[in-house]
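Here is data.cif, consisting of mmCIF, C-alpha atoms:
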data_query
loop_
_atom_site.label_atom_id
_atom_site.label_comp_id
_atom_site.auth_asym_id
_atom_site.auth_seq_id
_atom_site.Cartn_x
_atom_site.Cartn_y
_atom_site.Cartn_z
CA MET A 1 -22.91 38.52 38.89
CA ALA A 2 -20.77 40.35 36.33
CA LYS A 3 -20.46 38.86 32.86
CA LYS A 4 -16.96 37.62 32.04
CA LYS A 5 -15.29 39.91 29.53
CA SER A 6 -14.43 38.04 26.36
CA VAL A 7 -11.06 38.43 24.69
CA ALA A 8 -10.70 38.88 20.95
CA ARG A 9 -9.57 35.80 19.10
CA LEU A 10 -5.92 35.98 18.15
CA SER A 11 -4.00 34.57 15.22
CA VAL A 12 -1.02 32.28 15.75
CA GLY A 13 1.35 35.17 14.97
CA GLU A 14 -0.44 37.43 17.43
CA ILE A 15 -0.23 34.79 20.16
CA ARG A 16 3.51 34.51 19.51
CA LEU A 17 3.90 38.25 20.01
CA MET A 18 1.71 38.15 23.11
CA ALA A 19 4.01 35.43 24.50
CA VAL A 20 6.98 37.76 24.06
CA LEU A 21 5.13 40.52 25.93
CA TRP A 22 3.93 38.15 28.67
CA LYS A 23 7.48 36.92 29.21
CA SER A 24 9.35 40.22 29.07
CA GLY A 25 6.83 42.87 30.02
CA PRO A 26 6.57 46.23 28.23
CA LEU A 27 8.84 46.37 25.19
CA LYS A 28 9.75 48.68 22.34
CA LEU A 29 8.92 47.57 18.81
CA ALA A 30 12.59 46.78 18.14
CA GLU A 31 12.74 44.60 21.26
CA VAL A 32 9.61 42.68 20.28
CA PHE A 33 11.11 42.19 16.82
CA ARG A 34 14.38 40.96 18.33
CA ASP A 35 12.68 38.54 20.76
CA GLN A 36 9.94 37.17 18.50
CA PRO A 37 10.29 33.54 17.46
CA GLY A 38 10.60 33.26 13.73
CA THR A 39 11.59 35.29 10.72
CA VAL A 40 8.72 37.75 10.48
CA GLY A 41 9.68 41.16 9.12
CA TYR A 42 9.93 44.31 11.21
CA THR A 43 6.97 46.07 9.58
CA THR A 44 4.84 42.94 9.93
CA ILE A 45 5.59 42.90 13.66
CA GLN A 46 4.60 46.56 13.83
CA THR A 47 1.33 45.84 12.00
CA GLN A 48 0.56 42.88 14.27
CA LEU A 49 1.25 44.95 17.39
CA ASN A 50 -1.08 47.68 16.13
CA ARG A 51 -3.79 45.07 15.50
CA LEU A 52 -3.31 43.79 19.05
CA VAL A 53 -3.81 47.36 20.27
CA GLU A 54 -7.02 47.62 18.19
CA LYS A 55 -8.20 44.32 19.72
CA ARG A 56 -7.54 45.84 23.17
CA VAL A 57 -5.24 43.08 24.32
CA VAL A 58 -2.13 45.29 24.17
CA THR A 59 -1.65 48.92 25.10
CA LYS A 60 0.70 51.35 23.41
CA SER A 61 2.31 54.15 25.42
CA LYS A 62 2.08 57.73 24.20
CA ALA A 63 5.66 58.43 25.29
CA ARG A 64 8.56 57.91 22.93
CA PRO A 65 9.95 55.38 22.41
CA THR A 66 6.61 53.62 22.32
CA LEU A 67 6.24 50.69 24.68
CA TYR A 68 3.82 47.84 24.06
CA ARG A 69 2.31 46.04 27.06
CA ALA A 70 0.01 43.00 27.22
CA VAL A 71 -3.16 43.83 29.17
CA VAL A 72 -4.77 40.39 29.15
CA ASP A 73 -3.43 37.32 30.87
CA PRO A 74 -2.32 34.29 28.86
CA LYS A 75 -5.20 32.10 30.05
CA SER A 76 -7.86 34.52 28.81
CA ALA A 77 -6.23 34.94 25.40
CA ILE A 78 -5.61 31.23 24.92
CA ASP A 79 -9.15 30.31 26.04
CA ALA A 80 -10.62 32.28 23.14
CA THR A 81 -8.27 30.60 20.66
CA LEU A 82 -9.00 27.13 22.01
CA GLN A 83 -12.73 27.79 21.75
CA LEU A 84 -12.22 28.72 18.10
CA LEU A 85 -10.47 25.37 17.55
CA VAL A 86 -13.25 23.46 19.32
CA ASP A 87 -15.85 25.27 17.25
CA THR A 88 -14.11 24.80 13.91
CA VAL A 89 -12.07 21.59 14.14
CA GLY A 90 -14.41 19.78 16.49
CA ASN A 91 -17.69 21.27 15.29
CA GLY A 92 -18.41 22.19 18.91
CA SER A 93 -16.99 19.01 20.46
CA ILE A 94 -13.60 18.61 22.11
CA VAL A 95 -13.31 14.95 21.12
CA PRO A 96 -12.09 15.36 17.48
CA LEU A 97 -9.58 17.97 18.61
CA ILE A 98 -8.23 15.76 21.39
CA GLU A 99 -8.08 12.76 19.07
CA GLN A 100 -6.11 14.73 16.49
CA LEU A 101 -3.74 16.03 19.16
CA MET A 102 -3.19 12.53 20.45
CA ASP A 103 -2.53 11.21 16.94
CA ARG A 104 0.11 13.89 16.36
CA ASN A 105 1.66 13.65 19.83
CA PRO A 106 0.91 10.27 21.38
CA PRO A 107 0.66 10.73 25.14
CA THR A 108 2.96 8.93 27.53
CA LYS A 109 1.54 6.56 30.13
CA SER A 110 1.81 9.27 32.79
CA GLU A 111 -0.03 11.73 30.53
CA LEU A 112 -2.75 9.14 29.97
CA ARG A 113 -3.13 8.79 33.74
CA LEU A 114 -3.50 12.57 34.00
CA LEU A 115 -6.08 12.59 31.22
CA LYS A 116 -8.06 9.87 32.98
CA LYS A 117 -8.00 11.96 36.17
CA LEU A 118 -9.31 14.96 34.22
CA ILE A 119 -12.11 12.82 32.81
CA GLU A 120 -13.05 11.59 36.27
CA LYS A 121 -12.94 15.16 37.57
CA SER A 122 -15.24 16.27 34.74
CA ASP A 123 -18.01 14.02 36.12
CA SER A 124 -18.93 16.92 38.38
CA ALA A 125 -18.53 19.48 35.56
CA LYS A 126 -21.26 20.96 33.41
CA PRO A 127 -23.60 18.53 31.64
CA GLY A 128 -22.98 17.64 28.03
CA LEU A 129 -19.25 17.05 28.36
CA PRO A 130 -18.49 13.98 26.20
CA LYS A 131 -16.94 11.89 28.97
CA ARG A 132 -17.65 8.51 27.36
CA ALA A 133 -15.96 9.51 24.13
CA LEU A 134 -12.91 10.79 26.00
CA LYS A 135 -12.72 7.57 27.98
CA ARG A 136 -12.88 5.60 24.72
CA ILE A 137 -10.01 7.64 23.26
CA THR A 138 -7.76 7.23 26.30
CA GLN A 139 -8.54 3.50 26.51
CA LYS A 140 -7.76 3.12 22.82
CA ARG A 141 -4.42 4.88 23.31
CA ALA A 142 -3.56 2.81 26.38
CA THR A 143 -4.06 -0.45 24.46
CA LYS A 144 -1.76 0.77 21.65
CA LYS A 145 1.18 1.20 24.07
#
This entry written out as structure tokens:
Amino acid sequence: MAKKKSVARLSVGEIRLMAVLWKSGPLKLAEVFRDQPGTVGYTTIQTQLNRLVEKRVVTKSKARPTLYRAVVDPKSAIDATLQLLVDTVGNGSIVPLIEQLMDRNPPTKSELRLLKKLIEKSDSAKPGLPKRALKRITQKRATKK
């Protein structure tokens, strides 16, 4: 079985640029600059795009004008970033990260039902998943509502 190719971890700014490329397809630098969310400068966008090329998540055409194209799918790129969060914020556990997310954005009752379904589904997932802790968090949230 082939080993899954890992994607370089991306900064928040790089993910924002990737989102522009995922949405619109190949774009010129000026188009990425125009469509990017925020007030980042033109040369900063150019630098970030070149870093994305170095990380091999974007390609740059040789033809002029240069076109930038995302070569990894959103799921792969976001997986690497989420793993970084789990490793750093949660010290390897998803529970602190989920708790912090829920504190910032309290889930609705329907979202809590979905979370409970995910927890139940995880019973058949890989061992070591902190199901009890997740159940505690969702129960705690449900009683607050």
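Within the file as shown, the PyMOL selection byres ((chain A and resi 56) around 12) identifies A:Lys5, A:Ser6, A:Val7, A:Ala8, A:Arg9, A:Leu10, A:Leu49, A:Asn50, A:Arg51, A:Leu52, A:Val53, A:Glu54, A:Lys55, A:Val57, A:Val58, A:Thr59, A:Lys60, A:Tyr68, A:Arg69, A:Ala70, A:Val71, A:Val72, A:Ala77.
The spacing separating CA of Tyr42 (chain A) from CA of Ala30 (chain A) amounts to 7.8 Å.
Distance check against Leu82 (chain A) using all atoms listed in the file: of A:Ile15, A:Leu115, A:Ile45, A:Ala63, the minimum falls on A:Ile15.
CA of Thr43 (chain A) is positioned 14.8 Å from CA of Thr66 (chain A).
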